[in-house]
Amino acid sequence: MSETPVAVGEADLHTHTTVSDGTESPATLMRQAAAAGLWGIALTDHDSTGGWAEAAAAVPETGVVLIPGMELSTREGFMSVHLLAYLIDPLDEALLAETAHIRESRFTRAEEIVRRIGRDYELSWDDVLAQTTEGATIGRPHIADALVARGHVATRSAAFAGILDPRAGYAQPHYAPDPLTGVRLIRAAGGVPVLAHPGTRGAERIVPPERLKRLVDAGLFGLEIDHPENREDAKPRLRELARRFGLAVTGSSDYHGAGKPNMLGECRTAPEVVERIIAEGRGARPVVP
């Protein structure tokens, strides 16, 4: 991979493709980033680096810098906690083993959810497979898309607000390591860990300072505060925690194509923070034009 460019610009550091639960291919995502006028993006599919090669091949055509990454699933009790992992070694054995375990659990969890939903609605596993691409990390978004295709709900968002809401009784958790283990795995793989969208549940559900300190001590780099789904009442508290613990503040769209209303590039990370991430990453390098 190419060396770090001299002039670093703003980047959208959280995007998804058909490798996980986005609706666009990695190459299409890169072209959309160019159309949005972005200097660079991070490709962060769930628990997978499978889209890196295709996205990297589109760099010369698009002129957009690619920061290879991944969104690692972790769990704190019953709460899902996601970590953005930038510039990891894609061949790190410990991380490969853990993500394989997570993906397998996602798969079996998805099968069980479909079985439960199928008792009350016309829905089959083949319906879900029809919404995926080969090698994709199958999860609840694909079930949501199948529910849309079957006409049970109007949109993916409606599926998550209704049938796939945990209160409906069909969903169940999948395996994931705890966040502390996740931060350590990312750092051991040469990566730079950032806590993804930590304010989506509001000010009262932010990670407690004592727990956050343990993550910082293990190598947490930053908090993804500028995110369209973080609640406004949570952002001041998150910025205070970032200052208190010396954490970087990142901004990202969490773009999923048609899978979410989020717009590519609507939230961005400042060049100086992007530069720090590139300087700290040891497992991979950015791909530059």
# chains A, B, ... in the order shown; residues from 1 in each chain; ligands from 1
$ select_by_dssp --residues "segment 78-288 of chain A" --states "helix (DSSP H, G or I)" --output "PDB file with C-alpha atoms, in the first residue's frame"
ATOM      1  CA  GLU A  93      -4.525 -14.478  13.708  1.00  0.00           C
ATOM      2  CA  ALA A  94      -6.238 -13.496  16.963  1.00  0.00           C
ATOM      3  CA  LEU A  95      -8.460 -10.924  15.274  1.00  0.00           C
ATOM      4  CA  LEU A  96      -9.264 -13.304  12.417  1.00  0.00           C
ATOM      5  CA  ALA A  97     -10.323 -16.004  14.870  1.00  0.00           C
ATOM      6  CA  GLU A  98     -12.507 -13.620  16.850  1.00  0.00           C
ATOM      7  CA  THR A  99     -14.246 -12.114  13.824  1.00  0.00           C
ATOM      8  CA  ALA A 100     -14.873 -15.591  12.395  1.00  0.00           C
ATOM      9  CA  HIS A 101     -16.547 -16.527  15.692  1.00  0.00           C
ATOM     10  CA  ILE A 102     -18.654 -13.344  15.611  1.00  0.00           C
ATOM     11  CA  ARG A 103     -19.739 -13.889  12.001  1.00  0.00           C
ATOM     12  CA  GLU A 104     -20.703 -17.505  12.681  1.00  0.00           C
ATOM     13  CA  SER A 105     -22.739 -16.413  15.685  1.00  0.00           C
ATOM     14  CA  ARG A 106     -24.402 -13.685  13.601  1.00  0.00           C
ATOM     15  CA  PHE A 107     -25.321 -16.322  11.033  1.00  0.00           C
ATOM     16  CA  THR A 108     -26.855 -18.781  13.491  1.00  0.00           C
ATOM     17  CA  ARG A 109     -28.568 -15.912  15.333  1.00  0.00           C
ATOM     18  CA  ALA A 110     -30.062 -14.719  12.041  1.00  0.00           C
ATOM     19  CA  GLU A 111     -31.347 -18.202  11.244  1.00  0.00           C
ATOM     20  CA  GLU A 112     -33.053 -18.400  14.649  1.00  0.00           C
ATOM     21  CA  ILE A 113     -34.620 -14.937  14.255  1.00  0.00           C
ATOM     22  CA  VAL A 114     -36.022 -15.915  10.851  1.00  0.00           C
ATOM     23  CA  ARG A 115     -37.400 -19.150  12.315  1.00  0.00           C
ATOM     24  CA  ARG A 116     -39.170 -17.194  15.057  1.00  0.00           C
ATOM     25  CA  ILE A 117     -40.550 -14.546  12.697  1.00  0.00           C
ATOM     26  CA  TRP A 125     -34.256 -18.194   5.018  1.00  0.00           C
ATOM     27  CA  ASP A 126     -34.226 -18.101   1.207  1.00  0.00           C
ATOM     28  CA  ASP A 127     -35.935 -14.697   1.425  1.00  0.00           C
ATOM     29  CA  VAL A 128     -33.010 -13.443   3.517  1.00  0.00           C
ATOM     30  CA  LEU A 129     -30.348 -14.982   1.273  1.00  0.00           C
ATOM     31  CA  ARG A 140     -30.505  -8.306  11.031  1.00  0.00           C
ATOM     32  CA  PRO A 141     -30.339  -5.686   8.228  1.00  0.00           C
ATOM     33  CA  HIS A 142     -30.690  -8.457   5.657  1.00  0.00           C
ATOM     34  CA  ILE A 143     -33.704  -9.839   7.550  1.00  0.00           C
ATOM     35  CA  ALA A 144     -35.123  -6.311   7.513  1.00  0.00           C
ATOM     36  CA  ASP A 145     -34.637  -6.115   3.755  1.00  0.00           C
ATOM     37  CA  ALA A 146     -36.388  -9.481   3.357  1.00  0.00           C
ATOM     38  CA  LEU A 147     -39.313  -8.193   5.410  1.00  0.00           C
ATOM     39  CA  VAL A 148     -39.500  -5.181   3.101  1.00  0.00           C
ATOM     40  CA  ALA A 149     -39.369  -7.406   0.008  1.00  0.00           C
ATOM     41  CA  ARG A 156     -35.515  -1.236   6.760  1.00  0.00           C
ATOM     42  CA  SER A 157     -35.897   1.403   9.471  1.00  0.00           C
ATOM     43  CA  ALA A 158     -39.535   0.390   9.973  1.00  0.00           C
ATOM     44  CA  ALA A 159     -38.463  -3.227  10.395  1.00  0.00           C
ATOM     45  CA  PHE A 160     -36.031  -2.264  13.148  1.00  0.00           C
ATOM     46  CA  ALA A 161     -38.658  -0.116  14.837  1.00  0.00           C
ATOM     47  CA  PRO A 166     -36.068  -6.576  20.828  1.00  0.00           C
ATOM     48  CA  ARG A 167     -39.395  -5.856  22.504  1.00  0.00           C
ATOM     49  CA  ALA A 168     -41.190  -7.717  19.707  1.00  0.00           C
ATOM     50  CA  PRO A 179     -15.179  -3.991  24.697  1.00  0.00           C
ATOM     51  CA  LEU A 180     -11.932  -4.221  26.687  1.00  0.00           C
ATOM     52  CA  THR A 181     -10.959  -7.385  24.829  1.00  0.00           C
ATOM     53  CA  GLY A 182     -11.941  -5.672  21.580  1.00  0.00           C
ATOM     54  CA  VAL A 183      -9.659  -2.677  22.189  1.00  0.00           C
ATOM     55  CA  ARG A 184      -6.770  -4.997  23.060  1.00  0.00           C
ATOM     56  CA  LEU A 185      -7.335  -7.119  19.946  1.00  0.00           C
ATOM     57  CA  ILE A 186      -7.337  -4.048  17.711  1.00  0.00           C
ATOM     58  CA  ARG A 187      -4.156  -2.651  19.221  1.00  0.00           C
ATOM     59  CA  ALA A 188      -2.431  -6.052  19.058  1.00  0.00           C
ATOM     60  CA  ALA A 203     -26.927  11.322  27.875  1.00  0.00           C
ATOM     61  CA  GLU A 204     -28.085   8.880  30.531  1.00  0.00           C
ATOM     62  CA  ARG A 205     -26.733   5.810  28.717  1.00  0.00           C
ATOM     63  CA  PRO A 209     -16.152   7.167  33.236  1.00  0.00           C
ATOM     64  CA  GLU A 210     -14.615   4.288  35.207  1.00  0.00           C
ATOM     65  CA  ARG A 211     -15.369   1.857  32.376  1.00  0.00           C
ATOM     66  CA  LEU A 212     -14.156   4.316  29.768  1.00  0.00           C
ATOM     67  CA  LYS A 213     -10.890   4.736  31.668  1.00  0.00           C
ATOM     68  CA  ARG A 214     -10.238   0.999  31.397  1.00  0.00           C
ATOM     69  CA  LEU A 215     -10.703   1.222  27.640  1.00  0.00           C
ATOM     70  CA  VAL A 216      -8.383   4.239  27.469  1.00  0.00           C
ATOM     71  CA  ASP A 217      -5.740   2.419  29.500  1.00  0.00           C
ATOM     72  CA  ALA A 218      -5.983  -0.478  27.044  1.00  0.00           C
ATOM     73  CA  LYS A 235     -22.713  15.230  22.759  1.00  0.00           C
ATOM     74  CA  PRO A 236     -21.649  17.799  25.413  1.00  0.00           C
ATOM     75  CA  ARG A 237     -21.031  15.022  27.933  1.00  0.00           C
ATOM     76  CA  LEU A 238     -19.086  13.000  25.356  1.00  0.00           C
ATOM     77  CA  ARG A 239     -16.901  16.000  24.508  1.00  0.00           C
ATOM     78  CA  GLU A 240     -16.222  16.527  28.207  1.00  0.00           C
ATOM     79  CA  LEU A 241     -15.182  12.872  28.551  1.00  0.00           C
ATOM     80  CA  ALA A 242     -12.949  13.183  25.485  1.00  0.00           C
ATOM     81  CA  ARG A 243     -11.176  16.182  27.037  1.00  0.00           C
ATOM     82  CA  ARG A 244     -10.898  14.464  30.424  1.00  0.00           C
ATOM     83  CA  PHE A 245      -9.283  11.331  29.014  1.00  0.00           C
ATOM     84  CA  GLY A 257     -26.312   3.324   0.987  1.00  0.00           C
ATOM     85  CA  ALA A 258     -30.079   2.833   0.804  1.00  0.00           C
ATOM     86  CA  GLY A 259     -29.954   0.880   4.073  1.00  0.00           C
ATOM     87  CA  PRO A 271      -7.503  16.441   8.982  1.00  0.00           C
ATOM     88  CA  GLU A 272      -5.331  16.627  12.096  1.00  0.00           C
ATOM     89  CA  VAL A 273      -7.190  13.686  13.657  1.00  0.00           C
ATOM     90  CA  VAL A 274      -6.995  11.689  10.419  1.00  0.00           C
ATOM     91  CA  GLU A 275      -3.260  12.369  10.386  1.00  0.00           C
ATOM     92  CA  ARG A 276      -2.906  11.039  13.943  1.00  0.00           C
ATOM     93  CA  ILE A 277      -4.793   7.851  13.063  1.00  0.00           C
ATOM     94  CA  ILE A 278      -2.538   7.275  10.070  1.00  0.00           C
ATOM     95  CA  ALA A 279       0.555   7.886  12.201  1.00  0.00           C
ATOM     96  CA  GLU A 280      -0.555   5.390  14.875  1.00  0.00           C
TER      97      GLU A 280
END
$ residues_around --residues "Gly251 of chain A" --least-positions-apart "5" --cutoff "10 Å" --atoms "only C-alpha atoms" --output "number ranges by chain"
A: 10-14, 196-197, 223-228, 265-270, 273
$ closest_residue --among "A:Pro68, A:Gly222, A:Pro208, A:Pro198" --to "Gly246 of chain A" --atoms "only C-alpha atoms"
A:Gly222
$ closest_residue --among "A:His82, A:Arg282, A:His152, A:His16" --to "Thr200 of chain A" --atoms "only C-alpha atoms"
A:His82
$ closest_residue --among "A:Asp233, A:Glu54, A:Asp92, A:Glu61" --to "Gly202 of chain A" --atoms "only C-alpha atoms"
A:Asp233
$ closest_residue --among "A:Thr133, A:Asn262, A:Thr49, A:Thr250" --to "Ser25 of chain A" --atoms "only C-alpha atoms"
A:Thr133
$ residues_around --residues "Leu84 of chain A" --least-positions-apart "4" --cutoff "6 Å" --atoms "only C-alpha atoms" --output "VMD selection string"
chain A and resid 70 to 71 193 to 194 196
$ atom_distance --atom1 "atom CA of Val65 of chain A" --atom2 "atom CA of Arg231 of chain A"
29.4 Å
$ closest_residue --among "A:Ala234, A:Met79, A:Val153, A:Val192" --to "Pro173 of chain A" --atoms "only C-alpha atoms"
A:Met79
$ select_by_dssp --residues "segment 9-74 of chain A" --states "strand (DSSP E)" --output "ChimeraX atom specification"
/A:11-15,40-43,65-74
$ atom_distance --atom1 "atom CA of Asp89 of chain A" --atom2 "atom CA of Gln32 of chain A"
26.0 Å
$ closest_residue --among "A:Ala57, A:Ala36, A:Glu229, A:Val249" --to "Val288 of chain A" --atoms "only C-alpha atoms"
A:Ala57
$ atom_distance --atom1 "atom CA of Glu134 of chain A" --atom2 "atom CA of Thr18 of chain A"
9.0 Å
